[in-house]
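Read through the structure below, which is laid out as structure tokens, and then see the notes.
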Amino acid sequence: MFADRQTVTPRALRRLILEESYRAHVGHIGSALSVVDLLAALYGGVIRSKSPDDPDRDRFVLGKGHAALALYAALFLRGWLSRAELASYCADDSRLGVHPTHHLPGVDFSTGSLGLGLSIAAGSALAARLLGKDRRTYVLLSDAECNEGATWEAAMFAGHHRLANLIVIVDVNGQQALGPTAEILNQSRMPERWASCGWTVREVDGHVPAAVRKALSPDPQEPLVVLAQTVSGRGVSFMERQVSWHYLPMSDEQYAIALAQSEALA
Amino acid sequence: MRREFIAKLCELAASDRRIMLLTADLGFSVVEPFAQAYPDRFVNVGVAEQNMIGVATGLAEAGFLPFCYSIATFATLRPYEFIRNGPVAHELPVRIVGVGGGFDYGTGGSTHHSLEDIAVMRALPGMMVLAPIDGPQAAAALQCLWSAPSPIYFRLGKDSPQVAISGGRFEFARAQTLRRGTDILLISTGAMVVETMRAAEILAGAGMLAMVLSVPCLAPAPLADLRSALADASAVLTIEAHQQAGGLGSLVAEVLAEARLARPFRRLAASQPGAGRGGSAAWLLERNGLTADAIAVAAQTLLF
């Protein structure tokens, strides 16, 4: 679509996230860095889509809408978003806000309110089955999004209807808005919770794209959830596992360090 | 009213394969005809209204026309934010079918009385809000709008009033004049129009000629019809089985104020919370001053 199409690599995603959040002077950097390797896997060959308006494309729902900058970076590298529009992140009159809107080509559904994403995705997967299409629906949830009751309404629904074309990744970074998930609301036995709803469950290191890609291979019978262990702020030492980087923008000095550390990582 | 609605939906679904019926586990003795005729397009999502709206959003994005059925309070208030961020934000043709507007569920108690739905649904941009009087009008509204591109809220009565007064007519964004008169203008919506027509009869017996305007399409509001009727009226009384705030009376007040029309004006609405005491729908309407007799008295009081 756009000439500057590039390979969707974790390093390229991180660089764009750091550049744009620094330029726009906004936060949510830790959340975006947390999902970089997951998006590199999804947009590096897992999601099948010829163009953003192909009705038979695989759908993607970014349940954790606050990681939108990582998605914008992936859409740019995929060639679906121009450099000029990417550079409008958080500007006035921009389609690129902190949370994604479906008005932007490549964003199938608007998100930002946690708990809605899996329900919409379940409807999307059911629609594909009813229409006899082999497209799939991918969803990226945050672990805190599993606090939302509606996530489990949708999980039960998808399990009951055996929506094998529905594939969820949970970004298990163990952080939520006010602290560690373990301290805020018990997340224990998460594999058993999903399995009891009728899902195939796989656990994976969420920072190894090849492993994530392999884990995303659909189950023929059941919806699939991949519990991806990740680190919020991944790749920048002073951001890793720090709740404050859910909120803070970077200073000039922090930006220079973050870029250097990010480039040094694979 | 709900059975006539489902009968019409079954008829439309025969030729339009996009139509689906979702229910949050309600509709015993109502939804079965559709479920039996179109088992592939009927989904009971379980007692999960939020998920019902989310699933409907995903279905609509793929081209389906999902109808989401539940009791009016559960269909609107529980998943309200899902409705806002789903079909409304995405401008998708999801239909919300809320049964039992007002006090229809009588002894079911306050959890089952839908008294805020018009206010909250008409606050959503692009959402059509329809409250038919009776079964024939509900079917006509569905026939008129089933394939409209915007989301729609149908506020249906649980049962159809015994007197069919709509004539099975429905016009989009129009009000319906059911009786002409120059002494006072009575404006109502949904099944309350039936009590309003009875009140007009009572008033006629006392020598007072009331005009009765029915508003089955609350959003988009029938602004031209309202302005015209209000301009001609010497006094205005609104009647609704709904909270006063945000309902039909609020809509009429907005139109009056913007048109700079000063008229004797009163809004009859649900005003007496149960305080722990409940009863039949008829008893609740009486307690809230929403019977034909009470409407007639309010009309006379407003004039003299």
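Chain labels run A, B, ... following the order of the structure tokens; each chain numbers its residues from 1, and ligands are numbered from 1 in the order shown.
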All residues 12 Å or closer to Phe28 (chain B), only C-alpha atoms, same chain fewer than 5 positions away omitted, as an MDAnalysis selection string: chainID B and resid 2:3 23 33:35 44 69:71 158
Neighbours of chain B in chain A at 12 Å, counting only C-alpha atoms, as a ChimeraX atom specification: /A:53-61,101-104,107-133,135,137,148-161
Just want the 10 Å neighbourhood of Arg227 (chain B), counted on only C-alpha atoms, with same-chain residues fewer than 2 positions away dropped. Output as an MDAnalysis selection string. chainID B and resid 222:225 229:233 252 255:256 258:259 261
Go ahead and write the selection's residues with N, CA and C atoms as a PDB file, in the first residue's frame.
```
ATOM      1  N   PRO B 222     -39.470  13.179  15.812  1.00  0.00           N
ATOM      2  CA  PRO B 222     -40.308  13.777  14.761  1.00  0.00           C
ATOM      3  C   PRO B 222     -40.456  15.269  15.000  1.00  0.00           C
ATOM      4  N   LEU B 223     -39.365  15.990  14.785  1.00  0.00           N
ATOM      5  CA  LEU B 223     -39.313  17.394  15.195  1.00  0.00           C
ATOM      6  C   LEU B 223     -40.345  18.260  14.469  1.00  0.00           C
ATOM      7  N   ALA B 224     -40.482  18.061  13.174  1.00  0.00           N
ATOM      8  CA  ALA B 224     -41.419  18.907  12.417  1.00  0.00           C
ATOM      9  C   ALA B 224     -42.844  18.680  12.901  1.00  0.00           C
ATOM     10  N   ASP B 225     -43.216  17.412  13.093  1.00  0.00           N
ATOM     11  CA  ASP B 225     -44.578  17.112  13.561  1.00  0.00           C
ATOM     12  C   ASP B 225     -44.806  17.688  14.955  1.00  0.00           C
ATOM     13  N   ALA B 229     -47.547  20.611  15.900  1.00  0.00           N
ATOM     14  CA  ALA B 229     -48.625  20.326  16.847  1.00  0.00           C
ATOM     15  C   ALA B 229     -48.528  21.235  18.073  1.00  0.00           C
ATOM     16  N   LEU B 230     -47.304  21.472  18.532  1.00  0.00           N
ATOM     17  CA  LEU B 230     -47.121  22.311  19.719  1.00  0.00           C
ATOM     18  C   LEU B 230     -47.510  23.759  19.421  1.00  0.00           C
ATOM     19  N   ALA B 231     -47.198  24.217  18.221  1.00  0.00           N
ATOM     20  CA  ALA B 231     -47.528  25.600  17.857  1.00  0.00           C
ATOM     21  C   ALA B 231     -49.036  25.825  17.870  1.00  0.00           C
ATOM     22  N   ASP B 232     -49.772  24.777  17.488  1.00  0.00           N
ATOM     23  CA  ASP B 232     -51.238  24.897  17.424  1.00  0.00           C
ATOM     24  C   ASP B 232     -51.915  24.651  18.772  1.00  0.00           C
ATOM     25  N   ALA B 233     -51.166  24.143  19.748  1.00  0.00           N
ATOM     26  CA  ALA B 233     -51.796  23.704  20.999  1.00  0.00           C
ATOM     27  C   ALA B 233     -51.987  24.858  21.974  1.00  0.00           C
ATOM     28  N   VAL B 252     -40.210  16.695  24.482  1.00  0.00           N
ATOM     29  CA  VAL B 252     -41.199  17.717  24.127  1.00  0.00           C
ATOM     30  C   VAL B 252     -40.801  19.069  24.732  1.00  0.00           C
ATOM     31  N   VAL B 255     -38.241  20.680  22.578  1.00  0.00           N
ATOM     32  CA  VAL B 255     -38.802  21.244  21.347  1.00  0.00           C
ATOM     33  C   VAL B 255     -39.554  22.538  21.651  1.00  0.00           C
ATOM     34  N   LEU B 256     -40.331  22.541  22.734  1.00  0.00           N
ATOM     35  CA  LEU B 256     -41.063  23.750  23.142  1.00  0.00           C
ATOM     36  C   LEU B 256     -40.108  24.914  23.368  1.00  0.00           C
ATOM     37  N   GLU B 258     -36.912  25.337  22.398  1.00  0.00           N
ATOM     38  CA  GLU B 258     -36.155  25.801  21.235  1.00  0.00           C
ATOM     39  C   GLU B 258     -37.042  26.546  20.239  1.00  0.00           C
ATOM     40  N   ALA B 259     -38.329  26.173  20.218  1.00  0.00           N
ATOM     41  CA  ALA B 259     -39.249  26.867  19.311  1.00  0.00           C
ATOM     42  C   ALA B 259     -39.836  28.123  19.966  1.00  0.00           C
ATOM     43  N   LEU B 261     -41.919  28.422  22.393  1.00  0.00           N
ATOM     44  CA  LEU B 261     -43.359  28.299  22.577  1.00  0.00           C
ATOM     45  C   LEU B 261     -43.645  28.214  24.077  1.00  0.00           C
TER      46      LEU B 261
END
```
To one decimal in Å, tell me the separation between CA of Ala200 (chain B) and CA of Leu248 (chain B).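 The value is 18.6 Å.
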What are the closest atom pairs, with distances in Å to one decimal, for all residues of region 154-218 of chain B lying within 8 Å of region 139-147 of chain B? Consider only C-alpha atoms, order rows by chain and residue number, and present the result as a Markdown table.
```
| residue | atom | partner | partner_atom | distance |
| --- | --- | --- | --- | --- |
| B:Gly168 | CA | B:Ala140 | CA | 6.1 |
| B:Arg169 | CA | B:Ala140 | CA | 6.2 |
| B:Phe170 | CA | B:Ala141 | CA | 5.6 |
| B:Glu171 | CA | B:Ala141 | CA | 7.5 |
| B:Phe172 | CA | B:Cys144 | CA | 7.6 |
```
For Gln261 (chain A), work out the shell of residues within 10 Å, counting only C-alpha atoms and skipping chain neighbours fewer than 6 positions away, then give it as a PyMOL selection string. chain A and resi 235-237+255
Next, dump the selected residues to file, keeping only C-alpha atoms, as an mmCIF file, in the first residue's frame.
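The resulting file, again-v4.cif, is shown below:
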```cif
data_model
loop_
_atom_site.group_PDB
_atom_site.id
_atom_site.type_symbol
_atom_site.label_atom_id
_atom_site.label_comp_id
_atom_site.auth_asym_id
_atom_site.auth_seq_id
_atom_site.Cartn_x
_atom_site.Cartn_y
_atom_site.Cartn_z
ATOM 1 C CA GLY A 235 14.163 -3.820 26.347
ATOM 2 C CA VAL A 236 14.630 -0.667 28.408
ATOM 3 C CA SER A 237 16.221 -1.431 31.769
ATOM 4 C CA TYR A 255 15.063 8.683 25.449
#
```
Based on the backbone DSSP call, show me all residues of region 15-202 of chain B assigned strand (DSSP E or B), as number ranges by chain. B: 19-23, 42-44, 65-71, 95-99, 101-102, 114, 128-130, 152-156, 176-179, 184-188
Residues just named, written with C-alpha atoms as a PDB file, in the first residue's frame:
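So again.pdb came out as:
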```pdb
ATOM      1  CA  ILE B  19     -31.141 -11.775  10.051  1.00  0.00           C
ATOM      2  CA  MET B  20     -30.119 -13.494  13.296  1.00  0.00           C
ATOM      3  CA  LEU B  21     -31.869 -13.672  16.660  1.00  0.00           C
ATOM      4  CA  LEU B  22     -29.756 -13.660  19.813  1.00  0.00           C
ATOM      5  CA  THR B  23     -31.296 -13.961  23.253  1.00  0.00           C
ATOM      6  CA  PHE B  42     -30.714 -18.447  16.532  1.00  0.00           C
ATOM      7  CA  VAL B  43     -28.222 -18.205  19.399  1.00  0.00           C
ATOM      8  CA  ASN B  44     -29.036 -18.293  23.092  1.00  0.00           C
ATOM      9  CA  LEU B  65     -28.320  -8.188  11.097  1.00  0.00           C
ATOM     10  CA  PRO B  66     -28.363  -9.445  14.698  1.00  0.00           C
ATOM     11  CA  PHE B  67     -31.457  -8.858  16.877  1.00  0.00           C
ATOM     12  CA  CYS B  68     -30.581  -8.992  20.605  1.00  0.00           C
ATOM     13  CA  TYR B  69     -33.561  -9.967  22.752  1.00  0.00           C
ATOM     14  CA  SER B  70     -34.037  -9.560  26.498  1.00  0.00           C
ATOM     15  CA  ILE B  71     -36.174  -7.782  29.069  1.00  0.00           C
ATOM     16  CA  ARG B  95     -30.907  -4.306  16.887  1.00  0.00           C
ATOM     17  CA  ILE B  96     -31.711  -4.308  20.597  1.00  0.00           C
ATOM     18  CA  VAL B  97     -35.135  -5.680  21.381  1.00  0.00           C
ATOM     19  CA  GLY B  98     -36.157  -4.729  24.919  1.00  0.00           C
ATOM     20  CA  VAL B  99     -39.379  -6.302  26.122  1.00  0.00           C
ATOM     21  CA  GLY B 101     -41.046  -1.106  28.650  1.00  0.00           C
ATOM     22  CA  GLY B 102     -42.423   0.686  31.714  1.00  0.00           C
ATOM     23  CA  SER B 114     -37.834  -0.332  32.518  1.00  0.00           C
ATOM     24  CA  MET B 128     -32.902   4.870  16.567  1.00  0.00           C
ATOM     25  CA  VAL B 129     -35.339   4.542  19.479  1.00  0.00           C
ATOM     26  CA  LEU B 130     -38.749   3.093  18.711  1.00  0.00           C
ATOM     27  CA  ILE B 152     -31.974   0.395  16.562  1.00  0.00           C
ATOM     28  CA  TYR B 153     -33.596   0.026  19.977  1.00  0.00           C
ATOM     29  CA  PHE B 154     -37.099  -1.459  19.930  1.00  0.00           C
ATOM     30  CA  ARG B 155     -38.934  -0.822  23.215  1.00  0.00           C
ATOM     31  CA  LEU B 156     -41.690  -3.390  23.102  1.00  0.00           C
ATOM     32  CA  GLN B 176     -49.074   9.981  14.474  1.00  0.00           C
ATOM     33  CA  THR B 177     -52.207  12.016  15.103  1.00  0.00           C
ATOM     34  CA  LEU B 178     -54.798   9.656  16.568  1.00  0.00           C
ATOM     35  CA  ARG B 179     -57.464  12.151  17.553  1.00  0.00           C
ATOM     36  CA  ILE B 184     -55.433  20.390  24.846  1.00  0.00           C
ATOM     37  CA  LEU B 185     -52.666  18.371  23.225  1.00  0.00           C
ATOM     38  CA  LEU B 186     -51.918  14.965  24.785  1.00  0.00           C
ATOM     39  CA  ILE B 187     -48.618  13.404  23.643  1.00  0.00           C
ATOM     40  CA  SER B 188     -47.699   9.828  24.533  1.00  0.00           C
TER      41      SER B 188
END
```
I'd like the neighbourhood of Leu227 (chain A) as a list in words, where a residue qualifies if any of its atoms comes within 8 Å (using only C-alpha atoms), though same-chain residues fewer than 2 positions away should be ignored. Ile169, Val170, Asp171, Val172, Pro191, Val201, Arg202, Glu203, Val204, Val225 and Gln229 of chain A
Where in region 29-182 of chain B does DSSP assign helix (DSSP H, G or I), given as an MDAnalysis selection string? chainID B and resid 32:37 39:41 49:61 72:76 80:90 106:108 110:112 117:122 135:145
